[in-house]
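First up is the structure itself, then whatever we jot down about it.
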Amino acid sequence: MKIYKEISRLIAFAKARLGLSSADEAFVRNSIIDTLGLTTFEESDVEAPHCDISEVLADFSAVGVEEGVFTAELAPYFCDKIMGMLSLRPSYLDREFHRVYEEKGAEQATEWLYAYCVDNNYVKKAVLDKNPRFDADNGLVVTINLAKPEFRDPNKAKSGNAVAGGYPKCVICRDNEGFAPRGKFTLRTVSLNLNGKPWFWQFSPYGYFYQHGICVNKEHIPMHIDRDTFVNLMDFVDMFPHYFIGCNACLERIGGSVLAHDHYQGGGEVLPLFKAGIKEEFTLPGYEDLKMGVLDWPGTVLRIVGTDRNKIIEVCEKVRANWITYTDKTLSIVCKDGAGQHNSISPTVVKRNGKYEFNIILRSNITSEKYPDGIFHAHPEFHVIKKESIGLIEAQGLFILPGRLVKQLADLEKSISCGRLSEELADFKLLFDEVTALCGNDLSERSVHEGVKKELASICYRILQNTAVFTSEQMCTYLEKMGFIKK
């Protein structure tokens, strides 16, 4: 049977790339044989594959289906389970990660872990590499995530934040390592210590950016933002100064997809927000050694830069405490009402040249009759492009758009070139009109394609403007009321 050779190839791959010991080879091979319902095996002389693991698994799946070992529907399950068998036990991997960290440094450790999670097929890099992505002239990054489901129904999006209980308690609990019903055979995490408490780090299987991961509280408690949050974020970038880390606003419609479990997001990407400069600089009595100011950014963001951890924490906490209790009905800002809390912040931090660089994004999830999905959310004319929550990553300038747009935008480009908007694309009239005006007399395929990209990025920029709770001038006034002094 050809399946024997495919098993041998997977074993050889694991010995070369996943740390499978020769001493464990027979044991693991026998476990795979049993899992596949085989009763014997024939040795094959094979070399370790040098290709991506997705190609090895594609060959394994094709042979397994061809020879009746499993059905096409069950192939992904068997691939995931066997890769879990071939991967290091969680305790061994955790220990190896910290060994690399101590001997070679933080960047080498995360590079090793990310490569491992790609090689054991937890991080679906082959899928991620197919996602369309471009850097726009307006400074934003626009991506289309082909693997991420779109939640256009607010109730469905809300259900993702609810946890029914049971085991594991939610999708990001550490108990998910190796949990079959959620397809987590290959999940591996590493232990961290933030502010004296146990946390852990794992990479996202369908990440939005380079080395996208989540830092999760080992204790299953709801997401929240308080003084300790700022300490935790600083501790993280002290350990991993080449990464950024941030916390979603812990409210529905503007926050994370798992509000029931405390966690942060981060990784190795330099997001557009980090490249933005300070538009209006401020100081605060007693904190003159910190650089602070309103960012030149479509959203509402205060940046705080310095080396004194305690002072930065005090300023961040001052802003947080003030904003969550702030109401200005003339600006449609209501901190709290019968529906609950509406004001929150999204703090994010990078460490550059030894200095902490905090960005505090002011957020509100208040709704109205005119804007039932949120006043400070993408407005209805943009929902055909983006209706889902504008969370931490998009608030920092990296937009994750739904996979349906690949076909819809391709069809729209043809409609623009023909000069006629089809009935099926009627919801795209705004984009159709803007690209048509931009291209003028040049409706060539290349011109229209570039025009669609440019106007798509423009819409993303306008969506960020929709999320702004203040104009730049209003933000300055707000800070002055808090005691900040404009320079």
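Ordering of the structure tokens sets the chain letters (A, B, ...); residue numbers start at 1 within each chain; ligands are numbered from 1 in the order shown.
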Can you pull out every residue from segment 159-235 of chain A that DSSP, working from the backbone, puts in helix (DSSP H, G or I), and format the result as a PyMOL selection string?
chain A and resi 159+174-176+180-182+227-235
Would you pick out the contacts of Glu219 of chain A at 9 Å or less, using only C-alpha atoms, so that residues sharing its chain but fewer than 6 positions from it are not included, and give the list as a CSV table (one decimal) with all heavy atoms, in the first residue's frame?
chain,number,residue,atom,x,y,z
A,173,CYS,N,-8.9,28.8,26.0
A,173,CYS,CA,-8.4,28.3,27.2
A,173,CYS,C,-7.2,27.3,26.9
A,173,CYS,O,-7.2,26.7,25.8
A,173,CYS,CB,-9.5,27.5,27.9
A,173,CYS,SG,-10.7,28.5,28.8
A,198,PRO,N,0.5,33.8,35.9
A,198,PRO,CA,0.7,32.9,34.8
A,198,PRO,C,-0.2,33.3,33.6
A,198,PRO,O,-1.4,33.4,33.7
A,198,PRO,CB,0.3,31.5,35.3
A,198,PRO,CG,-0.6,31.8,36.4
A,198,PRO,CD,-0.2,33.1,37.0
A,199,TRP,N,0.4,33.5,32.4
A,199,TRP,CA,-0.2,33.7,31.2
A,199,TRP,C,0.4,32.7,30.2
A,199,TRP,O,1.4,32.0,30.5
A,199,TRP,CB,0.0,35.1,30.7
A,199,TRP,CG,-0.8,36.2,31.4
A,199,TRP,CD1,-0.7,36.5,32.7
A,199,TRP,CD2,-1.8,37.0,30.9
A,199,TRP,NE1,-1.5,37.5,33.1
A,199,TRP,CE2,-2.3,37.8,32.0
A,199,TRP,CE3,-2.4,37.2,29.7
A,199,TRP,CZ2,-3.3,38.7,31.8
A,199,TRP,CZ3,-3.4,38.1,29.5
A,199,TRP,CH2,-3.9,38.9,30.6
A,261,HIS,N,-12.8,35.7,28.1
A,261,HIS,CA,-11.5,35.2,28.6
A,261,HIS,C,-10.5,36.3,28.3
A,261,HIS,O,-10.3,36.7,27.1
A,261,HIS,CB,-11.1,33.9,27.9
A,261,HIS,CG,-10.0,33.2,28.6
A,261,HIS,ND1,-9.8,31.9,28.5
A,261,HIS,CD2,-8.9,33.7,29.3
A,261,HIS,CE1,-8.7,31.5,29.2
A,261,HIS,NE2,-8.2,32.6,29.7
A,262,ASP,N,-9.9,36.8,29.4
A,262,ASP,CA,-8.9,37.8,29.3
A,262,ASP,C,-7.7,37.5,28.4
A,262,ASP,O,-7.1,36.4,28.6
A,262,ASP,CB,-8.3,38.0,30.7
A,262,ASP,CG,-7.7,39.4,30.9
A,262,ASP,OD1,-8.0,40.3,30.1
A,262,ASP,OD2,-7.0,39.5,31.9
What is the distance between atom CA of Lys318 of chain A and atom CA of Ser346 of chain A, in Å to one decimal?
14.2 Å
All residues 12 Å or closer to Asn217 of chain A, only C-alpha atoms, same chain fewer than 5 positions away omitted, as a CSV table (one decimal) with all heavy atoms, in the first residue's frame:
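Result file is part21.csv:
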chain,number,residue,atom,x,y,z
A,172,ILE,N,-10.2,29.7,23.7
A,172,ILE,CA,-8.7,30.1,23.9
A,172,ILE,C,-8.2,29.6,25.2
A,172,ILE,O,-7.0,29.9,25.5
A,172,ILE,CB,-8.5,31.6,23.7
A,172,ILE,CG1,-9.3,32.4,24.7
A,172,ILE,CG2,-8.9,32.0,22.3
A,172,ILE,CD1,-9.0,33.9,24.7
A,173,CYS,N,-8.9,28.8,26.0
A,173,CYS,CA,-8.4,28.3,27.2
A,173,CYS,C,-7.2,27.3,26.9
A,173,CYS,O,-7.2,26.7,25.8
A,173,CYS,CB,-9.5,27.5,27.9
A,173,CYS,SG,-10.7,28.5,28.8
A,174,ARG,N,-6.3,27.2,27.8
A,174,ARG,CA,-5.1,26.4,27.5
A,174,ARG,C,-5.5,24.9,27.5
A,174,ARG,O,-4.8,24.1,26.9
A,174,ARG,CB,-4.1,26.6,28.6
A,174,ARG,CG,-2.7,26.2,28.2
A,174,ARG,CD,-1.6,26.6,29.1
A,174,ARG,NE,-0.3,26.5,28.5
A,174,ARG,CZ,0.9,26.8,29.1
A,174,ARG,NH1,0.9,27.3,30.3
A,174,ARG,NH2,2.0,26.7,28.5
A,190,VAL,N,3.2,28.4,25.0
A,190,VAL,CA,4.3,28.5,25.9
A,190,VAL,C,4.0,29.4,27.0
A,190,VAL,O,3.2,30.4,26.9
A,190,VAL,CB,5.6,29.1,25.1
A,190,VAL,CG1,6.1,28.1,24.1
A,190,VAL,CG2,5.2,30.5,24.4
A,191,SER,N,4.5,29.1,28.2
A,191,SER,CA,4.2,29.8,29.4
A,191,SER,C,4.9,31.2,29.5
A,191,SER,O,6.1,31.3,29.2
A,191,SER,CB,4.6,28.9,30.6
A,191,SER,OG,4.0,27.7,30.6
A,192,LEU,N,4.2,32.1,30.1
A,192,LEU,CA,4.7,33.5,30.3
A,192,LEU,C,4.3,33.9,31.7
A,192,LEU,O,3.4,33.4,32.3
A,192,LEU,CB,4.2,34.5,29.3
A,192,LEU,CG,4.4,34.2,27.8
A,192,LEU,CD1,3.7,35.3,27.0
A,192,LEU,CD2,5.8,34.1,27.5
A,193,ASN,N,5.0,34.9,32.2
A,193,ASN,CA,4.7,35.5,33.5
A,193,ASN,C,4.5,37.0,33.3
A,193,ASN,O,5.5,37.7,32.9
A,193,ASN,CB,5.8,35.2,34.5
A,193,ASN,CG,5.5,35.7,35.9
A,193,ASN,OD1,5.3,36.9,36.1
A,193,ASN,ND2,5.5,34.8,36.9
A,194,LEU,N,3.3,37.5,33.5
A,194,LEU,CA,3.0,38.9,33.4
A,194,LEU,C,2.6,39.4,34.8
A,194,LEU,O,1.6,38.9,35.4
A,194,LEU,CB,1.9,39.2,32.4
A,194,LEU,CG,2.2,38.7,31.0
A,194,LEU,CD1,1.0,39.2,30.1
A,194,LEU,CD2,3.5,39.3,30.4
A,195,ASN,N,3.3,40.4,35.3
A,195,ASN,CA,3.0,41.0,36.6
A,195,ASN,C,2.8,39.9,37.7
A,195,ASN,O,1.9,40.0,38.5
A,195,ASN,CB,1.7,41.8,36.4
A,195,ASN,CG,1.4,42.8,37.6
A,195,ASN,OD1,2.3,43.1,38.3
A,195,ASN,ND2,0.1,43.2,37.7
A,196,GLY,N,3.7,38.9,37.6
A,196,GLY,CA,3.7,37.9,38.7
A,196,GLY,C,2.6,36.8,38.5
A,196,GLY,O,2.4,36.0,39.4
A,197,LYS,N,1.9,36.8,37.4
A,197,LYS,CA,0.8,35.9,37.2
A,197,LYS,C,1.0,35.1,36.0
A,197,LYS,O,1.6,35.5,35.0
A,197,LYS,CB,-0.6,36.6,37.2
A,197,LYS,CG,-0.9,37.3,38.5
A,197,LYS,CD,-2.3,37.9,38.5
A,197,LYS,CE,-2.6,38.6,39.8
A,197,LYS,NZ,-3.9,39.3,39.8
A,198,PRO,N,0.5,33.8,35.9
A,198,PRO,CA,0.7,32.9,34.8
A,198,PRO,C,-0.2,33.3,33.6
A,198,PRO,O,-1.4,33.4,33.7
A,198,PRO,CB,0.3,31.5,35.3
A,198,PRO,CG,-0.6,31.8,36.4
A,198,PRO,CD,-0.2,33.1,37.0
A,199,TRP,N,0.4,33.5,32.4
A,199,TRP,CA,-0.2,33.7,31.2
A,199,TRP,C,0.4,32.7,30.2
A,199,TRP,O,1.4,32.0,30.5
A,199,TRP,CB,0.0,35.1,30.7
A,199,TRP,CG,-0.8,36.2,31.4
A,199,TRP,CD1,-0.7,36.5,32.7
A,199,TRP,CD2,-1.8,37.0,30.9
A,199,TRP,NE1,-1.5,37.5,33.1
A,199,TRP,CE2,-2.3,37.8,32.0
A,199,TRP,CE3,-2.4,37.2,29.7
A,199,TRP,CZ2,-3.3,38.7,31.8
A,199,TRP,CZ3,-3.4,38.1,29.5
A,199,TRP,CH2,-3.9,38.9,30.6
A,200,PHE,N,0.0,32.7,29.0
A,200,PHE,CA,0.6,31.9,27.9
A,200,PHE,C,0.4,32.5,26.6
A,200,PHE,O,-0.5,33.4,26.4
A,200,PHE,CB,0.1,30.4,27.9
A,200,PHE,CG,-1.4,30.2,27.6
A,200,PHE,CD1,-1.8,30.0,26.3
A,200,PHE,CD2,-2.3,30.3,28.7
A,200,PHE,CE1,-3.2,29.8,26.0
A,200,PHE,CE2,-3.7,30.1,28.4
A,200,PHE,CZ,-4.1,29.9,27.1
A,201,TRP,N,1.3,32.1,25.6
A,201,TRP,CA,1.3,32.7,24.3
A,201,TRP,C,1.0,31.6,23.3
A,201,TRP,O,1.6,30.5,23.4
A,201,TRP,CB,2.6,33.3,24.0
A,201,TRP,CG,2.8,33.8,22.6
A,201,TRP,CD1,3.5,33.1,21.6
A,201,TRP,CD2,2.4,35.0,22.0
A,201,TRP,NE1,3.4,33.8,20.4
A,201,TRP,CE2,2.8,35.0,20.6
A,201,TRP,CE3,1.7,36.1,22.5
A,201,TRP,CZ2,2.5,36.1,19.8
A,201,TRP,CZ3,1.4,37.2,21.6
A,201,TRP,CH2,1.8,37.1,20.3
A,202,GLN,N,0.2,31.9,22.3
A,202,GLN,CA,0.1,30.9,21.2
A,202,GLN,C,-0.1,31.7,19.9
A,202,GLN,O,-0.6,32.9,19.9
A,202,GLN,CB,-1.1,30.0,21.4
A,202,GLN,CG,-2.5,30.8,21.3
A,202,GLN,CD,-3.6,29.9,21.6
A,202,GLN,OE1,-3.8,29.3,22.7
A,202,GLN,NE2,-4.5,29.7,20.6
A,222,PRO,N,-13.2,37.2,32.6
A,222,PRO,CA,-13.6,38.1,31.5
A,222,PRO,C,-12.5,39.1,31.1
A,222,PRO,O,-11.7,39.5,32.0
A,222,PRO,CB,-14.9,38.7,32.0
A,222,PRO,CG,-15.4,37.8,33.1
A,222,PRO,CD,-14.1,37.3,33.7
A,223,MET,N,-12.5,39.5,29.9
A,223,MET,CA,-11.7,40.6,29.4
A,223,MET,C,-12.0,41.9,30.2
A,223,MET,O,-13.2,42.2,30.5
A,223,MET,CB,-11.8,40.9,28.0
A,223,MET,CG,-11.1,39.9,27.1
A,223,MET,SD,-11.1,40.4,25.3
A,223,MET,CE,-10.1,41.9,25.4
A,224,HIS,N,-11.0,42.6,30.6
A,224,HIS,CA,-11.1,43.8,31.4
A,224,HIS,C,-9.9,44.7,31.1
A,224,HIS,O,-8.8,44.2,30.8
A,224,HIS,CB,-11.4,43.6,32.8
A,224,HIS,CG,-10.2,42.9,33.5
A,224,HIS,ND1,-10.0,41.5,33.4
A,224,HIS,CD2,-9.2,43.3,34.3
A,224,HIS,CE1,-8.9,41.2,34.0
A,224,HIS,NE2,-8.4,42.3,34.6
A,229,THR,N,-3.6,46.1,33.5
A,229,THR,CA,-3.5,45.8,32.0
A,229,THR,C,-2.2,46.5,31.5
A,229,THR,O,-1.5,45.9,30.7
A,229,THR,CB,-4.7,46.3,31.3
A,229,THR,OG1,-5.9,45.7,31.8
A,229,THR,CG2,-4.6,46.1,29.8
A,232,ASN,N,0.8,44.6,32.6
A,232,ASN,CA,1.0,43.4,31.8
A,232,ASN,C,1.6,43.7,30.4
A,232,ASN,O,2.4,42.9,29.9
A,232,ASN,CB,-0.4,42.7,31.6
A,232,ASN,CG,-0.9,42.2,32.9
A,232,ASN,OD1,-0.2,41.9,33.9
A,232,ASN,ND2,-2.2,41.9,33.0
A,260,ALA,N,-15.2,36.7,27.0
A,260,ALA,CA,-15.3,35.9,28.2
A,260,ALA,C,-13.9,35.5,28.8
A,260,ALA,O,-13.9,35.1,30.0
A,260,ALA,CB,-16.1,34.7,28.0
A,261,HIS,N,-12.8,35.7,28.1
A,261,HIS,CA,-11.5,35.2,28.6
A,261,HIS,C,-10.5,36.3,28.3
A,261,HIS,O,-10.3,36.7,27.1
A,261,HIS,CB,-11.1,33.9,27.9
A,261,HIS,CG,-10.0,33.2,28.6
A,261,HIS,ND1,-9.8,31.9,28.5
A,261,HIS,CD2,-8.9,33.7,29.3
A,261,HIS,CE1,-8.7,31.5,29.2
A,261,HIS,NE2,-8.2,32.6,29.7
A,262,ASP,N,-9.9,36.8,29.4
A,262,ASP,CA,-8.9,37.8,29.3
A,262,ASP,C,-7.7,37.5,28.4
A,262,ASP,O,-7.1,36.4,28.6
A,262,ASP,CB,-8.3,38.0,30.7
A,262,ASP,CG,-7.7,39.4,30.9
A,262,ASP,OD1,-8.0,40.3,30.1
A,262,ASP,OD2,-7.0,39.5,31.9
A,263,HIS,N,-7.5,38.3,27.4
A,263,HIS,CA,-6.4,38.1,26.5
A,263,HIS,C,-6.0,39.3,25.7
A,263,HIS,O,-6.7,40.3,25.6
A,263,HIS,CB,-6.7,36.9,25.5
A,263,HIS,CG,-7.7,37.3,24.4
A,263,HIS,ND1,-9.1,37.5,24.7
A,263,HIS,CD2,-7.6,37.7,23.1
A,263,HIS,CE1,-9.7,37.8,23.6
A,263,HIS,NE2,-8.9,38.0,22.7
A,264,TYR,N,-4.8,39.3,25.1
A,264,TYR,CA,-4.2,40.4,24.3
A,264,TYR,C,-3.8,39.8,22.9
A,264,TYR,O,-3.7,38.6,22.8
A,264,TYR,CB,-3.0,41.0,25.0
A,264,TYR,CG,-3.2,41.4,26.4
A,264,TYR,CD1,-2.2,41.1,27.4
A,264,TYR,CD2,-4.4,42.0,26.9
A,264,TYR,CE1,-2.4,41.4,28.7
A,264,TYR,CE2,-4.5,42.3,28.2
A,264,TYR,CZ,-3.5,42.0,29.2
A,264,TYR,OH,-3.7,42.3,30.5
A,265,GLN,N,-3.6,40.7,22.0
A,265,GLN,CA,-3.2,40.4,20.7
A,265,GLN,C,-1.8,41.1,20.4
A,265,GLN,O,-1.6,42.2,20.8
A,265,GLN,CB,-4.2,40.7,19.6
A,265,GLN,CG,-5.4,39.9,19.6
A,265,GLN,CD,-6.3,40.3,18.3
A,265,GLN,OE1,-5.9,39.8,17.2
A,265,GLN,NE2,-7.3,41.0,18.5
Residues at most 12 Å from Glu73 of chain A, counting only C-alpha atoms, excluding those fewer than 5 positions away in the same chain, as a PyMOL selection string?
chain A and resi 61-62+64-65+78-79
List the neighbours of Phe358 of chain A out to 7 Å using only C-alpha atoms; skip same-chain residues closer than 6 positions along the sequence, and give me the result as a PyMOL selection string.
chain A and resi 303-305+347-350
Residues from last step as file, N, CA and C atoms, as a PDB file, in the first residue's frame:
ATOM      1  N   ARG A 303      -0.994  59.342  22.269  1.00  0.00           N
ATOM      2  CA  ARG A 303       0.266  58.603  22.408  1.00  0.00           C
ATOM      3  C   ARG A 303       1.028  59.110  23.621  1.00  0.00           C
ATOM      4  N   ILE A 304       1.613  58.156  24.366  1.00  0.00           N
ATOM      5  CA  ILE A 304       2.410  58.466  25.550  1.00  0.00           C
ATOM      6  C   ILE A 304       3.734  57.714  25.417  1.00  0.00           C
ATOM      7  N   VAL A 305       4.849  58.449  25.464  1.00  0.00           N
ATOM      8  CA  VAL A 305       6.165  57.851  25.233  1.00  0.00           C
ATOM      9  C   VAL A 305       7.102  58.196  26.387  1.00  0.00           C
ATOM     10  N   PRO A 347      -5.740  49.920  24.519  1.00  0.00           N
ATOM     11  CA  PRO A 347      -4.334  50.290  24.682  1.00  0.00           C
ATOM     12  C   PRO A 347      -3.429  49.347  23.897  1.00  0.00           C
ATOM     13  N   THR A 348      -2.404  49.899  23.296  1.00  0.00           N
ATOM     14  CA  THR A 348      -1.439  49.080  22.563  1.00  0.00           C
ATOM     15  C   THR A 348      -0.056  49.675  22.774  1.00  0.00           C
ATOM     16  N   VAL A 349       0.976  48.834  22.792  1.00  0.00           N
ATOM     17  CA  VAL A 349       2.316  49.325  23.114  1.00  0.00           C
ATOM     18  C   VAL A 349       3.377  48.641  22.272  1.00  0.00           C
ATOM     19  N   VAL A 350       4.371  49.433  21.889  1.00  0.00           N
ATOM     20  CA  VAL A 350       5.603  48.916  21.297  1.00  0.00           C
ATOM     21  C   VAL A 350       6.753  49.502  22.104  1.00  0.00           C
TER      22      VAL A 350
END
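The residue set within 9 Å of Cys418 of chain A, counting only C-alpha atoms and dropping same-chain residues fewer than 4 places from it, reads Glu413, Lys414 and Leu443 of chain A.
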Please report, as a Markdown table, each residue of segment 115-231 of chain A lying at most 10 Å from segment 53-60 of chain A, together with the nearest pair of atoms and the separation in Å rounded to one decimal; use only C-alpha atoms, and order rows by chain and ascending residue number.
| residue | atom | partner | partner_atom | distance |
| --- | --- | --- | --- | --- |
| A:Val118 | CA | A:Ile53 | CA | 8.0 |
| A:Asp119 | CA | A:Ile53 | CA | 5.9 |
| A:Asn120 | CA | A:Ile53 | CA | 7.3 |
| A:Asn121 | CA | A:Ile53 | CA | 6.6 |
| A:Lys124 | CA | A:Ser54 | CA | 8.3 |
| A:Lys125 | CA | A:Ser54 | CA | 8.8 |
| A:Ala126 | CA | A:Ser54 | CA | 6.9 |
| A:Val127 | CA | A:Ser54 | CA | 9.2 |
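Reported to one decimal place, the separation of atom CA of Leu187 of chain A from atom CA of Ser21 of chain A is 19.6 Å.
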If you count only C-alpha atoms, the residue of A:Lys329, A:Ser364, A:Ser415, A:Ala457 closest to Lys386 of chain A turns out to be A:Ala457
Please provide the set of residues having any atom within 7 Å of Ile324 of chain A, restricted to only C-alpha atoms, with same-chain residues fewer than 6 positions apart removed, written as number ranges by chain.
A: 335, 343-344
The selected residues should be written to file as a compact mmCIF listing (two decimals), in the first residue's frame (atoms: C-alpha atoms).
# COMPACT_ATOMS: atom_id res chain seq x y z
CA CYS A 335 -20.59 56.44 28.86
CA ASN A 343 -17.00 53.81 26.65
CA SER A 344 -13.74 51.87 26.70
Using only C-alpha atoms, can you tell me which of A:Leu295, A:Ile225, A:Glu423, A:Val469 comes closest to Val334 of chain A?
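Counting only C-alpha atoms, the residue closest to Val334 of chain A is A:Val469.
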Counting only C-alpha atoms, which of A:Leu18, A:Leu430, A:Ile221, A:Ile144 gets nearest to Leu93 of chain A?
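Among A:Leu18, A:Leu430, A:Ile221, A:Ile144, it is A:Leu18 that comes nearest to Leu93 of chain A.
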For Ile214 of chain A, which of A:Leu273, A:Ser447, A:Ile245, A:Lys355 is the closest residue, counting only C-alpha atoms?
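Among A:Leu273, A:Ser447, A:Ile245, A:Lys355, it is A:Ile245 that comes nearest to Ile214 of chain A.
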May I ask for the distance between atom CA of Trp297 of chain A and atom CA of Asp238 of chain A, given in Å to one decimal place?
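We find that atom CA of Trp297 of chain A and atom CA of Asp238 of chain A lie 26.5 Å from each other.
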